[in-house]
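For reference, entry-v6.txt is printed below; it contains compact mmCIF, C-alpha atoms and all ligand atoms.
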# COMPACT_ATOMS: atom_id res chain seq x y z
CA MET B 7 81.92 -161.37 -189.75
CA THR B 8 83.45 -157.99 -188.89
CA ARG B 9 83.92 -159.13 -185.31
CA HIS B 10 85.71 -162.24 -186.55
CA ILE B 11 88.13 -160.13 -188.64
CA HIS B 12 88.80 -157.89 -185.64
CA LYS B 13 89.58 -160.87 -183.45
CA ASN B 14 91.92 -162.29 -186.10
CA SER B 15 93.99 -159.07 -186.34
CA TYR B 16 94.16 -158.88 -182.54
CA VAL B 17 95.72 -162.38 -182.40
CA LYS B 18 98.18 -161.39 -185.13
CA LYS B 19 99.24 -158.32 -183.12
CA VAL B 20 99.81 -160.39 -179.99
CA VAL B 21 101.88 -162.95 -181.91
CA LEU B 22 103.93 -160.16 -183.53
CA ILE B 23 104.62 -158.48 -180.17
CA PHE B 24 105.58 -161.88 -178.73
CA ILE B 25 108.02 -162.57 -181.59
CA LEU B 26 109.53 -159.09 -181.28
CA ALA B 27 109.97 -159.54 -177.52
CA ILE B 28 111.79 -162.86 -178.03
CA ALA B 29 114.02 -161.38 -180.77
CA GLY B 30 114.80 -158.41 -178.50
CA PHE B 31 115.66 -160.73 -175.63
CA ILE B 32 117.98 -162.84 -177.82
CA ALA B 33 119.68 -159.68 -179.15
CA LEU B 34 120.19 -158.38 -175.61
CA VAL B 35 121.64 -161.69 -174.38
CA THR B 36 124.00 -161.85 -177.40
CA LEU B 37 125.11 -158.26 -176.78
CA LEU B 38 125.70 -158.85 -173.08
CA SER B 39 127.64 -162.07 -173.63
CA SER B 40 129.78 -160.38 -176.29
CA ILE B 41 130.58 -157.60 -173.80
CA ARG B 42 131.41 -160.22 -171.19
CA SER B 43 133.65 -162.21 -173.50
CA PHE B 44 135.33 -158.98 -174.63
CA ARG B 45 136.10 -158.19 -171.00
CA ALA B 46 137.30 -161.74 -170.44
CA GLU B 47 139.67 -161.53 -173.40
CA LYS B 48 141.07 -158.22 -172.18
CA TYR B 49 142.80 -159.70 -169.17
CA LEU B 50 144.31 -162.62 -171.01
CA PHE B 51 148.07 -162.41 -171.13
CA THR B 52 150.22 -163.07 -174.13
CA VAL B 53 153.40 -164.87 -173.18
CA ARG B 54 156.66 -164.84 -175.12
CA VAL B 55 158.32 -168.24 -175.11
CA ARG B 56 161.81 -168.71 -176.49
CA VAL B 57 161.47 -171.93 -178.51
CA ALA B 58 164.84 -171.87 -180.31
CA HIS B 59 168.14 -170.32 -179.28
CA ASP B 60 171.43 -169.67 -181.04
CA ALA B 61 170.32 -171.60 -184.13
CA ASP B 62 172.13 -171.46 -187.48
CA LYS B 63 168.93 -172.27 -189.32
CA LEU B 64 165.23 -172.74 -188.63
CA ARG B 65 162.73 -174.68 -190.70
CA LEU B 66 159.26 -173.19 -191.14
CA PHE B 67 156.11 -174.77 -192.43
CA ALA B 68 152.46 -173.70 -192.57
CA LYS B 69 149.42 -175.06 -194.37
CA GLY B 70 148.20 -171.64 -195.46
CA PRO B 71 149.61 -168.20 -196.40
CA CYS B 72 151.46 -166.07 -193.83
CA ASP B 73 152.33 -162.39 -193.61
CA ILE B 74 155.84 -161.36 -192.64
CA GLU B 75 156.32 -158.16 -190.64
CA ASP B 76 159.34 -156.24 -189.47
CA ILE B 77 159.31 -156.57 -185.66
CA GLU B 78 160.77 -153.13 -185.03
CA ASN B 79 158.31 -150.98 -186.98
CA GLY B 80 155.44 -153.37 -187.80
CA ARG B 81 155.89 -152.80 -191.55
CA VAL B 82 154.65 -155.68 -193.72
CA LEU B 83 157.66 -157.03 -195.62
CA ALA B 84 155.80 -159.71 -197.55
CA ARG B 85 152.16 -160.71 -197.87
CA ASP B 86 150.62 -164.15 -198.39
CA VAL B 87 153.93 -166.00 -198.31
CA ASP B 88 153.50 -169.65 -199.20
CA LEU B 89 155.12 -171.91 -196.56
CA ALA B 90 153.35 -175.11 -197.66
CA SER B 91 156.67 -176.61 -198.68
CA ALA B 92 159.01 -176.14 -195.72
CA VAL B 93 161.26 -173.07 -195.93
CA GLU B 94 164.66 -172.73 -194.31
CA ILE B 95 165.63 -169.46 -192.61
CA THR B 96 169.30 -168.85 -191.91
CA GLY B 97 171.03 -166.19 -189.86
CA ARG B 98 173.74 -164.07 -191.47
CA ALA B 99 175.73 -161.20 -190.05
CA GLU B 100 174.06 -158.92 -192.66
CA GLY B 101 170.50 -160.15 -192.13
CA ILE B 102 168.02 -162.98 -192.11
CA ARG B 103 168.06 -165.11 -195.23
CA PHE B 104 164.51 -166.09 -196.12
CA LYS B 105 163.83 -167.91 -199.38
CA ASP B 106 165.79 -165.92 -202.01
CA CYS B 107 166.13 -162.61 -200.20
CA VAL B 108 168.11 -161.26 -197.27
CA LEU B 109 165.99 -159.25 -194.82
CA THR B 110 168.17 -156.69 -193.05
CA SER B 111 165.77 -156.15 -190.13
CA ALA B 112 166.71 -157.25 -186.61
CA GLY B 113 163.73 -159.59 -186.51
CA VAL B 114 160.67 -160.71 -188.44
CA ARG B 115 157.23 -161.78 -187.26
CA ILE B 116 155.48 -164.60 -189.10
CA ILE B 117 151.70 -164.33 -188.81
CA PRO B 118 149.37 -167.07 -190.06
CA LYS B 119 146.42 -165.67 -192.08
CA GLY B 120 143.83 -168.16 -190.99
CA LYS B 121 143.05 -170.83 -188.45
CA PHE B 122 146.17 -172.91 -188.89
CA ASP B 123 149.41 -173.18 -186.93
CA ILE B 124 152.99 -172.56 -187.94
CA ALA B 125 155.50 -175.39 -187.53
CA LEU B 126 159.00 -174.47 -186.44
CA ASN B 127 161.53 -177.29 -186.76
CA ASP B 128 158.58 -179.72 -187.10
CA ILE B 129 156.79 -178.59 -183.91
CA PHE B 130 153.44 -176.81 -184.38
CA TYR B 131 152.84 -173.65 -182.36
CA ARG B 132 149.69 -171.61 -181.83
CA GLY B 133 150.01 -167.83 -182.12
CA VAL B 134 152.77 -166.10 -184.06
CA ILE B 135 156.50 -166.77 -184.39
CA ASP B 136 159.17 -164.08 -184.08
CA VAL B 137 162.57 -164.82 -185.59
CA ILE B 138 165.23 -162.57 -184.07
CA ARG B 139 168.77 -162.15 -185.31
CA VAL B 140 171.38 -162.22 -182.55
CA GLY B 141 174.74 -161.65 -184.25
CA GLY B 142 174.87 -164.30 -186.95
CA THR B 143 172.49 -166.77 -185.30
CA LEU B 144 168.76 -166.91 -184.75
CA ASP B 145 166.40 -167.05 -181.78
CA ALA B 146 162.73 -167.94 -182.23
CA ILE B 147 160.04 -166.66 -179.89
CA ASN B 148 156.49 -167.94 -179.86
CA ARG B 149 153.99 -165.22 -178.87
CA VAL B 150 150.97 -167.11 -177.68
CA GLY B 151 147.94 -166.57 -175.43
CA LEU B 152 148.50 -167.71 -171.84
CA GLU B 153 145.78 -170.39 -171.94
CA ASP B 154 147.02 -171.79 -175.27
CA TYR B 155 150.58 -171.79 -173.90
CA LEU B 156 149.48 -173.85 -170.89
CA LYS B 157 147.86 -176.45 -173.15
CA GLY B 158 151.37 -177.12 -174.50
CA VAL B 159 152.98 -177.14 -171.02
CA ILE B 160 150.90 -179.50 -168.84
CA PRO B 161 151.37 -182.66 -170.99
CA ARG B 162 155.13 -182.02 -171.03
CA GLU B 163 155.33 -181.45 -167.28
CA VAL B 164 153.22 -184.43 -166.11
CA ASN B 165 151.68 -187.54 -167.63
CA TYR B 166 148.38 -186.67 -169.37
CA LEU B 167 146.84 -189.86 -167.97
CA TRP B 168 147.22 -188.65 -164.36
CA PRO B 169 144.06 -188.00 -162.27
CA ALA B 170 142.14 -184.87 -163.39
CA GLU B 171 142.63 -183.08 -160.03
CA ALA B 172 146.43 -183.46 -160.23
CA LEU B 173 146.33 -182.04 -163.79
CA LYS B 174 144.20 -179.11 -162.60
CA ALA B 175 146.61 -178.40 -159.72
CA GLN B 176 149.49 -178.44 -162.24
CA ALA B 177 147.56 -176.08 -164.57
CA ILE B 178 147.03 -173.51 -161.77
CA ALA B 179 150.67 -173.79 -160.59
CA SER B 180 152.00 -173.48 -164.17
CA ARG B 181 149.72 -170.50 -164.91
CA SER B 182 150.87 -168.72 -161.73
CA PHE B 183 154.52 -169.43 -162.52
CA ALA B 184 154.12 -168.13 -166.10
CA VAL B 185 152.37 -164.91 -165.02
CA SER B 186 154.99 -164.24 -162.33
CA GLN B 187 157.69 -164.62 -165.00
CA VAL B 188 155.88 -162.26 -167.40
CA GLU B 189 155.79 -159.65 -164.64
CA ARG B 190 159.48 -160.11 -163.85
CA ARG B 191 160.92 -160.15 -167.37
CA GLY B 192 159.16 -157.13 -168.86
CA LYS B 193 162.17 -155.71 -170.73
CA SER B 194 163.72 -158.95 -171.94
CA ASP B 195 163.07 -160.38 -175.44
CA TYR B 196 161.14 -163.28 -173.94
CA ASP B 197 159.35 -164.26 -170.72
CA LEU B 198 159.93 -167.99 -170.58
CA ARG B 199 162.10 -170.68 -172.09
CA ALA B 200 160.59 -173.83 -173.54
CA SER B 201 162.78 -176.08 -171.36
CA THR B 202 162.75 -177.05 -167.68
CA PHE B 203 164.69 -173.82 -167.00
CA SER B 204 161.20 -172.29 -166.99
CA GLN B 205 158.74 -175.08 -167.64
CA ALA B 206 158.69 -177.65 -170.43
CA TYR B 207 156.62 -176.53 -173.46
CA GLY B 208 155.91 -178.55 -176.59
CA GLY B 209 153.51 -176.22 -178.46
CA ARG B 210 150.36 -177.47 -180.15
CA SER B 211 152.13 -180.71 -181.06
CA ALA B 212 152.30 -181.72 -177.37
CA GLU B 213 148.63 -181.04 -176.54
CA ARG B 214 146.40 -183.81 -175.17
CA LEU B 215 142.65 -183.69 -174.62
CA ARG B 216 142.76 -184.44 -170.87
CA THR B 217 145.40 -181.80 -170.09
CA SER B 218 143.65 -179.18 -172.28
CA LYS B 219 140.43 -179.90 -170.33
CA ALA B 220 142.32 -179.27 -167.05
CA VAL B 221 143.53 -175.92 -168.46
CA GLY B 222 139.96 -175.02 -169.52
CA ALA B 223 138.47 -176.05 -166.15
CA THR B 224 140.87 -173.72 -164.29
CA ARG B 225 140.83 -170.89 -166.88
CA GLY B 226 142.32 -167.67 -165.46
CA LYS B 227 142.91 -169.12 -161.97
CA VAL B 228 146.22 -168.33 -160.28
CA LEU B 229 147.81 -168.61 -156.85
CA ALA B 230 148.34 -165.30 -155.13
CA TYR B 231 150.01 -164.18 -151.93
CA ALA B 232 149.88 -160.68 -150.42
CA GLY B 233 148.12 -159.33 -153.52
CA LYS B 234 150.73 -160.65 -155.96
CA VAL B 235 150.75 -163.65 -158.25
CA LEU B 236 152.90 -166.33 -156.61
CA PRO B 237 155.96 -167.67 -158.46
CA ALA B 238 154.56 -171.16 -157.92
CA TYR B 239 157.68 -173.27 -158.42
CA PHE B 240 157.26 -177.02 -158.67
CA HIS B 241 159.45 -180.06 -159.17
CA SER B 242 159.17 -183.76 -159.94
CA CYS B 243 159.60 -185.45 -156.53
CA CYS B 244 160.62 -183.97 -153.17
CA GLY B 245 161.61 -187.24 -151.49
CA GLY B 246 159.75 -186.53 -148.21
CA ARG B 247 159.90 -182.79 -147.57
CA THR B 248 159.86 -179.80 -149.92
CA GLN B 249 162.63 -177.25 -149.69
CA SER B 250 162.44 -173.60 -148.68
CA ALA B 251 162.89 -171.20 -151.60
CA SER B 252 165.00 -169.02 -149.31
CA ASN B 253 167.65 -171.80 -149.15
CA LEU B 254 167.86 -171.96 -152.91
CA TRP B 255 167.18 -168.44 -154.20
CA GLY B 256 166.99 -166.29 -151.08
CA GLU B 257 163.29 -165.68 -151.73
CA LEU B 258 161.39 -165.24 -148.46
CA LEU B 259 157.80 -166.16 -149.23
CA PRO B 260 155.76 -168.01 -146.57
CA PRO B 261 153.95 -170.25 -149.13
CA LEU B 262 157.37 -171.45 -150.35
CA GLU B 263 158.89 -172.24 -146.95
CA GLY B 264 158.65 -176.03 -147.42
CA VAL B 265 156.20 -178.67 -146.13
CA GLU B 266 156.06 -182.37 -145.26
CA CYS B 267 155.10 -184.62 -148.17
CA ARG B 268 154.15 -188.24 -147.63
CA ARG B 269 152.70 -189.06 -151.01
CA CYS B 270 155.53 -189.07 -153.56
CA GLY B 271 156.64 -192.67 -152.98
CA TRP B 272 155.09 -193.47 -156.42
CA SER B 273 157.91 -191.63 -158.16
CA PRO B 274 160.59 -193.85 -159.75
CA TYR B 275 163.12 -191.41 -158.23
CA PHE B 276 161.74 -191.25 -154.69
CA ARG B 277 164.92 -193.21 -153.88
CA TRP B 278 167.76 -193.33 -156.33
CA GLN B 279 171.32 -194.63 -156.48
CA ALA B 280 174.29 -193.96 -158.71
CA ARG B 281 177.80 -195.34 -158.92
CA VAL B 282 180.33 -192.96 -160.43
CA SER B 283 183.99 -193.89 -160.87
CA THR B 284 186.59 -191.71 -159.17
CA LYS B 285 188.15 -191.05 -162.59
CA VAL B 286 184.86 -189.74 -164.04
CA ILE B 287 184.18 -187.49 -161.01
CA LYS B 288 187.65 -185.99 -161.33
CA LYS B 289 187.26 -185.42 -165.08
CA ARG B 290 183.79 -183.84 -164.81
CA LEU B 291 184.82 -181.50 -161.97
CA ASN B 292 187.85 -180.36 -163.97
CA ASP B 293 185.70 -179.94 -167.12
CA ALA B 294 183.42 -177.72 -165.03
CA GLY B 295 186.35 -175.45 -164.17
CA TYR B 296 187.57 -176.82 -160.82
CA ASP B 297 191.26 -177.52 -160.47
CA ILE B 298 191.33 -180.90 -158.72
CA PRO B 299 194.45 -183.02 -159.41
CA ARG B 300 193.11 -186.15 -157.67
CA ILE B 301 190.28 -187.25 -155.37
CA ASP B 302 191.14 -189.00 -152.08
CA ASP B 303 187.74 -188.70 -150.41
CA ILE B 304 184.31 -187.08 -150.66
CA LYS B 305 182.10 -186.18 -147.70
CA THR B 306 178.79 -184.49 -147.10
CA GLY B 307 178.29 -181.51 -144.80
CA VAL B 308 175.43 -179.76 -143.00
CA ARG B 309 171.85 -180.47 -144.07
CA ASP B 310 168.83 -178.18 -144.01
CA LYS B 311 165.44 -179.10 -142.50
CA SER B 312 164.46 -181.02 -145.64
CA GLY B 313 167.67 -183.10 -145.59
CA ARG B 314 169.30 -181.27 -148.49
CA LEU B 315 172.98 -180.34 -148.58
CA ASP B 316 174.41 -176.90 -149.14
CA TYR B 317 177.95 -178.12 -149.75
CA ILE B 318 179.77 -181.30 -150.59
CA SER B 319 183.49 -181.58 -149.75
CA VAL B 320 186.18 -183.15 -151.90
CA ARG B 321 189.67 -183.96 -150.61
CA PRO B 322 192.60 -183.83 -153.02
CA GLY B 323 195.57 -184.58 -150.70
CA GLY B 324 195.50 -183.11 -147.19
CA LYS B 325 192.90 -180.33 -147.45
CA TRP B 326 189.12 -180.46 -147.88
CA PHE B 327 187.68 -178.42 -150.73
CA ASP B 328 184.02 -177.28 -150.49
CA ILE B 329 181.82 -177.23 -153.59
CA LYS B 330 178.21 -176.00 -153.61
CA CYS B 331 176.13 -179.16 -153.86
CA ASP B 332 174.04 -177.73 -156.76
CA ASP B 333 177.25 -177.00 -158.69
CA PHE B 334 178.61 -180.47 -157.88
CA ILE B 335 175.41 -182.05 -159.28
CA ARG B 336 175.52 -179.85 -162.39
CA ALA B 337 179.12 -180.94 -163.00
CA ILE B 338 178.53 -184.68 -162.50
CA GLY B 339 175.15 -184.61 -164.32
CA PRO B 340 171.61 -183.81 -163.09
CA ARG B 341 170.38 -187.13 -164.47
CA VAL B 342 173.04 -189.02 -162.53
CA LEU B 343 172.65 -187.26 -159.18
CA ARG B 344 169.00 -186.22 -159.02
CA SER B 345 168.80 -184.12 -155.85
CA THR B 346 170.91 -182.52 -153.13
CA ASN B 347 169.32 -184.84 -150.54
CA LEU B 348 172.09 -187.39 -151.00
CA ARG B 349 174.58 -189.55 -149.19
CA VAL B 350 177.96 -190.76 -150.42
CA LYS B 351 180.05 -193.86 -149.70
CA LYS B 352 183.61 -194.53 -150.81
CA TYR B 353 184.66 -197.76 -152.59
CA PRO B 354 188.10 -198.64 -154.03
CA PHE B 355 187.55 -197.20 -157.54
CA PHE B 356 184.17 -195.50 -157.34
CA TYR B 357 181.73 -193.63 -155.10
CA ARG B 358 178.19 -194.77 -154.44
CA PHE B 359 175.66 -191.93 -154.17
CA SER B 360 172.17 -192.57 -152.85
CA GLY B 361 169.45 -190.01 -152.41
CA TYR B 362 165.81 -189.00 -152.30
CA GLY B 363 163.73 -187.12 -154.86
CA TRP B 364 164.32 -185.41 -158.19
CA GLY B 365 164.58 -181.68 -158.80
CA HIS B 366 165.14 -178.50 -156.78
CA GLY B 367 162.45 -179.41 -154.24
CA VAL B 368 160.76 -175.99 -153.99
CA GLY B 369 156.94 -175.65 -154.17
CA MET B 370 154.60 -178.37 -155.37
CA CYS B 371 155.91 -181.93 -155.53
CA GLN B 372 154.35 -183.25 -158.77
CA TRP B 373 154.43 -186.91 -157.71
CA GLY B 374 153.04 -185.87 -154.32
CA ALA B 375 150.16 -184.11 -156.12
CA PHE B 376 149.57 -187.37 -158.00
CA GLY B 377 149.60 -189.30 -154.71
CA LEU B 378 147.07 -186.91 -153.14
CA ALA B 379 144.80 -186.92 -156.22
CA ILE B 380 144.50 -190.71 -156.24
CA ARG B 381 143.32 -190.36 -152.62
CA TRP B 382 140.47 -188.13 -153.84
CA ARG B 383 141.98 -184.78 -152.86
CA LYS B 384 140.75 -181.87 -155.00
CA ALA B 385 143.09 -179.51 -156.88
CA ASP B 386 142.58 -176.60 -154.43
CA SER B 387 143.33 -178.86 -151.46
CA ILE B 388 146.51 -180.15 -153.16
CA LEU B 389 147.67 -176.58 -153.82
CA ASN B 390 146.77 -175.57 -150.29
CA HIS B 391 149.06 -178.29 -149.01
CA TYR B 392 152.10 -177.33 -151.09
CA TYR B 393 151.65 -173.54 -151.02
CA PRO B 394 150.24 -172.89 -147.51
CA GLY B 395 148.80 -169.40 -147.10
CA ALA B 396 148.43 -168.74 -150.84
CA GLU B 397 144.92 -168.20 -152.18
CA ILE B 398 143.49 -169.19 -155.54
CA VAL B 399 142.20 -166.08 -157.29
CA ASP B 400 140.94 -165.09 -160.69
CA LEU B 401 143.70 -163.40 -162.70
CA LYS B 402 141.27 -160.73 -163.87
CA GLU B 403 140.05 -159.86 -160.37
CA ASN B 404 143.61 -159.88 -159.05
CA ASN B 405 144.69 -157.44 -161.75
CA GLU B 406 141.66 -155.20 -161.17
CA ARG B 407 142.53 -155.01 -157.50
CA ARG B 408 146.03 -153.89 -158.42
CA GLY B 409 144.68 -151.34 -160.87
CA PHE B 410 146.01 -153.06 -164.00
CA LEU B 411 142.71 -152.66 -165.88
ZN ZN B 501 156.95 -185.18 -152.33
Kindly return the structure encoded in the file as structure tokens.
Amino acid sequence: MTRHIHKNSYVKKVVLIFILAIAGFIALVTLLSSIRSFRAEKYLFTVRVRVAHDADKLRLFAKGPCDIEDIENGRVLARDVDLASAVEITGRAEGIRFKDCVLTSAGVRIIPKGKFDIALNDIFYRGVIDVIRVGGTLDAINRVGLEDYLKGVIPREVNYLWPAEALKAQAIASRSFAVSQVERRGKSDYDLRASTFSQAYGGRSAERLRTSKAVGATRGKVLAYAGKVLPAYFHSCCGGRTQSASNLWGELLPPLEGVECRRCGWSPYFRWQARVSTKVIKKRLNDAGYDIPRIDDIKTGVRDKSGRLDYISVRPGGKWFDIKCDDFIRAIGPRVLRSTNLRVKKYPFFYRFSGYGWGHGVGMCQWGAFGLAIRWRKADSILNHYYPGAEIVDLKENNERRGFL
């Protein structure tokens, strides 16, 4: 009997030690993973995206309460403000009018107190919204984590139904571009604009499951060259060959020197045509500040390796007048003339322009990436093609190497 009792307590001890060991192991794993995720969070950038500019008024809405802080000193101006019925903010010379009071601070930060997003002019944004007074008008800046920002960029830049590898390539290019802008614009009020001036961004409202998955699958990955994050420019369709960044912005970077592209024929603007009447050309050039009394002829000049023009020449009377082709396109309309790889033919009352591609032509050709992805090319191989010599690195490791952490 005594022996039996002894045996029983021995088994209990073993079971207890076993349970304690398992609990200890679980606690250790949890601790380690929390340290890892803490480290992972540390290198994540916050980007500042200007989502409204020079606005007389902004409309705000949020499902839950928000705190309002003074941007300059971080002082809380109002707690638990109810924005459930949309509130209009207007800019005044003396301050920001918010509900019934005028806040004299230069800017206010609206912080959601819970897991819900703020809507600004009916678009939902993750993160916080800064409203800044510039004279009598308002700018709005969305401060948002880099990965969350990208979830609102990719579906606005390309079609969310595109092959997954093309979406991943876009995610890595967009992330690299965003980080390079953050590093360049340190002292400005914002890092990026929400339009194609930087890259298109539609906030949480634009997000799609497939594009968010592409962002998640490439989390933290960027293109780098010579130890720096590459400003990985991209455009819609190159029309056959991408352009050197040095032609456009004087930037001498080997990965942005321009490459052959044979896969963007799927783009609706691979070839384009436009007829513009002589009267309209004259009016638009004069509206853009050129003094051109009449147009007798238009001709194209020297082309670069990719077929793009530096200048286009207009003849009012006897003399030719050179206009930078980019400026000419901006004056006539970038949705009329889609690239500087164009030709022009004169007709009695109009000119017929025909060209290849859409956009500035530097870096990755988005339709070319699509064309490669449907031929089973992986994202890294697509990026390798458009940014030769650049490597794909982890943002965290890249920053550690440069002593950022
Ligand atoms: Zn192309």
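In terms of minimum interatomic distance to Lys285 in chain B, B:Phe355 ranks closest within B:Arg216, B:Phe355, B:Thr224, B:Asp60, counting all atoms listed in the file.
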Proximity of chain B to ligand ZN 501 (chain B): per-residue shortest pair, 8 Å limit, all atoms listed in the file, as a Markdown table:
| residue | atom | partner | partner_atom | distance |
| --- | --- | --- | --- | --- |
| B:Cys243 | CA | B:ZN501 | ZN | 5.0 |
| B:Cys244 | CA | B:ZN501 | ZN | 4.0 |
| B:Gly245 | CA | B:ZN501 | ZN | 5.2 |
| B:Gly246 | CA | B:ZN501 | ZN | 5.2 |
| B:Arg247 | CA | B:ZN501 | ZN | 6.1 |
| B:Thr248 | CA | B:ZN501 | ZN | 6.6 |
| B:Glu266 | CA | B:ZN501 | ZN | 7.7 |
| B:Cys267 | CA | B:ZN501 | ZN | 4.6 |
| B:Arg268 | CA | B:ZN501 | ZN | 6.3 |
| B:Arg269 | CA | B:ZN501 | ZN | 5.9 |
| B:Cys270 | CA | B:ZN501 | ZN | 4.3 |
| B:Gly271 | CA | B:ZN501 | ZN | 7.5 |
| B:Gly363 | CA | B:ZN501 | ZN | 7.5 |
| B:Met370 | CA | B:ZN501 | ZN | 7.8 |
| B:Cys371 | CA | B:ZN501 | ZN | 4.7 |
| B:Gln372 | CA | B:ZN501 | ZN | 7.2 |
| B:Trp373 | CA | B:ZN501 | ZN | 6.2 |
| B:Gly374 | CA | B:ZN501 | ZN | 4.4 |
| B:Ala375 | CA | B:ZN501 | ZN | 7.8 |
Review point. What lies within 8 Å of Leu348 in chain B using only C-alpha atoms, ignoring chain neighbours under 2 positions off, as number ranges by chain?
Key: B: 314-315, 345-346, 350, 359-362
Practice item. Tell me which protein, DNA and RNA residues are within 10 Å of Pro299 in chain B, counting only C-alpha atoms, leaving out same-chain ones fewer than 4 positions away, and put them as a count of residues only. Key: 5
Within 12 Å of Arg309 in chain B, counting only C-alpha atoms, which residues show up once you throw out same-chain ones fewer than 6 positions away? Write them as a PDB file with C-alpha atoms, in the coordinates of the input, please.
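What ended up in out.pdb:
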ATOM      1  CA  GLN B 249     162.630-177.250-149.690  1.00  0.00           C
ATOM      2  CA  ASN B 253     167.650-171.800-149.150  1.00  0.00           C
ATOM      3  CA  LEU B 315     172.980-180.340-148.580  1.00  0.00           C
ATOM      4  CA  ASP B 316     174.410-176.900-149.140  1.00  0.00           C
ATOM      5  CA  TYR B 317     177.950-178.120-149.750  1.00  0.00           C
ATOM      6  CA  ILE B 318     179.770-181.300-150.590  1.00  0.00           C
ATOM      7  CA  CYS B 331     176.130-179.160-153.860  1.00  0.00           C
ATOM      8  CA  THR B 346     170.910-182.520-153.130  1.00  0.00           C
ATOM      9  CA  ASN B 347     169.320-184.840-150.540  1.00  0.00           C
ATOM     10  CA  LEU B 348     172.090-187.390-151.000  1.00  0.00           C
ATOM     11  CA  ARG B 349     174.580-189.550-149.190  1.00  0.00           C
TER      12      ARG B 349
END
Exercise for review: Have a look at CA of Val286 in chain B and CA of Asp310 in chain B and let me know their distance in Å, one decimal.
Suggested key: 28.1 Å
Check your understanding: Of the candidates B:Ile160, B:Val55, B:Ala251, B:Val235, which shows the shortest atom-to-atom distance to Phe203 in chain B, using all atoms listed in the file?
Key ->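 Smallest distance to Phe203 in chain B is found for B:Val55.
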**Study point:** Non-local contacts of Lys63 in chain B (10 Å; all atoms listed in the file; under 5 positions in same chain excluded) as a PyMOL selection string
**Key:** chain B and resi 58+94-98+102-103+127+143-145
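Our summary of the geometry notes that CA of Asp123 in chain B is positioned 15.6 Å from CA of Tyr207 in chain B.
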Check your understanding: Hey, can you pull every residue with an atom no more than 7 Å from (145.9, -173.7, -177.6), using only C-alpha atoms, and send it as a ChimeraX atom specification?
Key -> /B:132,153-155,157,210
Would you list the contacts of Ser204 in chain B as a PDB file with C-alpha atoms, keeping the file's coordinate frame, taking every protein, DNA or RNA residue within 12 Å and counting only C-alpha atoms, but skipping same-chain residues closer than 5 positions in sequence?
ATOM      1  CA  ARG B  54     156.660-164.840-175.120  1.00  0.00           C
ATOM      2  CA  VAL B  55     158.320-168.240-175.110  1.00  0.00           C
ATOM      3  CA  ARG B  56     161.810-168.710-176.490  1.00  0.00           C
ATOM      4  CA  VAL B  57     161.470-171.930-178.510  1.00  0.00           C
ATOM      5  CA  VAL B 159     152.980-177.140-171.020  1.00  0.00           C
ATOM      6  CA  GLU B 163     155.330-181.450-167.280  1.00  0.00           C
ATOM      7  CA  SER B 180     152.000-173.480-164.170  1.00  0.00           C
ATOM      8  CA  ARG B 181     149.720-170.500-164.910  1.00  0.00           C
ATOM      9  CA  PHE B 183     154.520-169.430-162.520  1.00  0.00           C
ATOM     10  CA  ALA B 184     154.120-168.130-166.100  1.00  0.00           C
ATOM     11  CA  VAL B 185     152.370-164.910-165.020  1.00  0.00           C
ATOM     12  CA  SER B 186     154.990-164.240-162.330  1.00  0.00           C
ATOM     13  CA  GLN B 187     157.690-164.620-165.000  1.00  0.00           C
ATOM     14  CA  VAL B 188     155.880-162.260-167.400  1.00  0.00           C
ATOM     15  CA  TYR B 196     161.140-163.280-173.940  1.00  0.00           C
ATOM     16  CA  ASP B 197     159.350-164.260-170.720  1.00  0.00           C
ATOM     17  CA  LEU B 198     159.930-167.990-170.580  1.00  0.00           C
ATOM     18  CA  ARG B 199     162.100-170.680-172.090  1.00  0.00           C
ATOM     19  CA  PRO B 237     155.960-167.670-158.460  1.00  0.00           C
ATOM     20  CA  ALA B 238     154.560-171.160-157.920  1.00  0.00           C
ATOM     21  CA  TYR B 239     157.680-173.270-158.420  1.00  0.00           C
ATOM     22  CA  PHE B 240     157.260-177.020-158.670  1.00  0.00           C
ATOM     23  CA  HIS B 241     159.450-180.060-159.170  1.00  0.00           C
TER      24      HIS B 241
END
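Distance annotation: of B:Thr202, B:Val53, B:Ser91, B:Ala172, the residue with the minimal separation from Arg149 in chain B is B:Val53; atom set is all atoms listed in the file.
Residue nearest Arg290 in chain B, chosen from B:Gly142, B:Gly367, B:Gly339, B:Gly70 and counting only C-alpha atoms: B:Gly339.
If all atoms listed in the file are the atoms counted, then among B:Val368, B:Ala294, B:Ala125, B:Val221 the closest residue to Trp255 in chain B is B:Val368.
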Review point. With all atoms listed in the file as the atoms that count, which of B:Gly313, B:Pro260, B:Gly133, B:Gly365 lies nearest to Arg115 in chain B?
Key: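 Checking each candidate against Arg115 in chain B, we get B:Gly133 as the closest.
CA of Lys227 in chain B to CA of Ser182 in chain B spans 8.0 Å [interatomic distance, one decimal].
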Closest pair table for range 39-118 of chain B residues within 6 Å of range 134-141 of chain B, all atoms listed in the file, as a tab-separated table:
residue	atom	partner	partner_atom	distance
B:Ala99	CA	B:Gly141	CA	5.9
B:Ala112	CA	B:Arg139	CA	5.5
B:Gly113	CA	B:Ile138	CA	4.1
B:Val114	CA	B:Val137	CA	5.4
B:Arg115	CA	B:Asp136	CA	4.4
B:Ile116	CA	B:Ile135	CA	5.3
B:Ile117	CA	B:Val134	CA	5.2
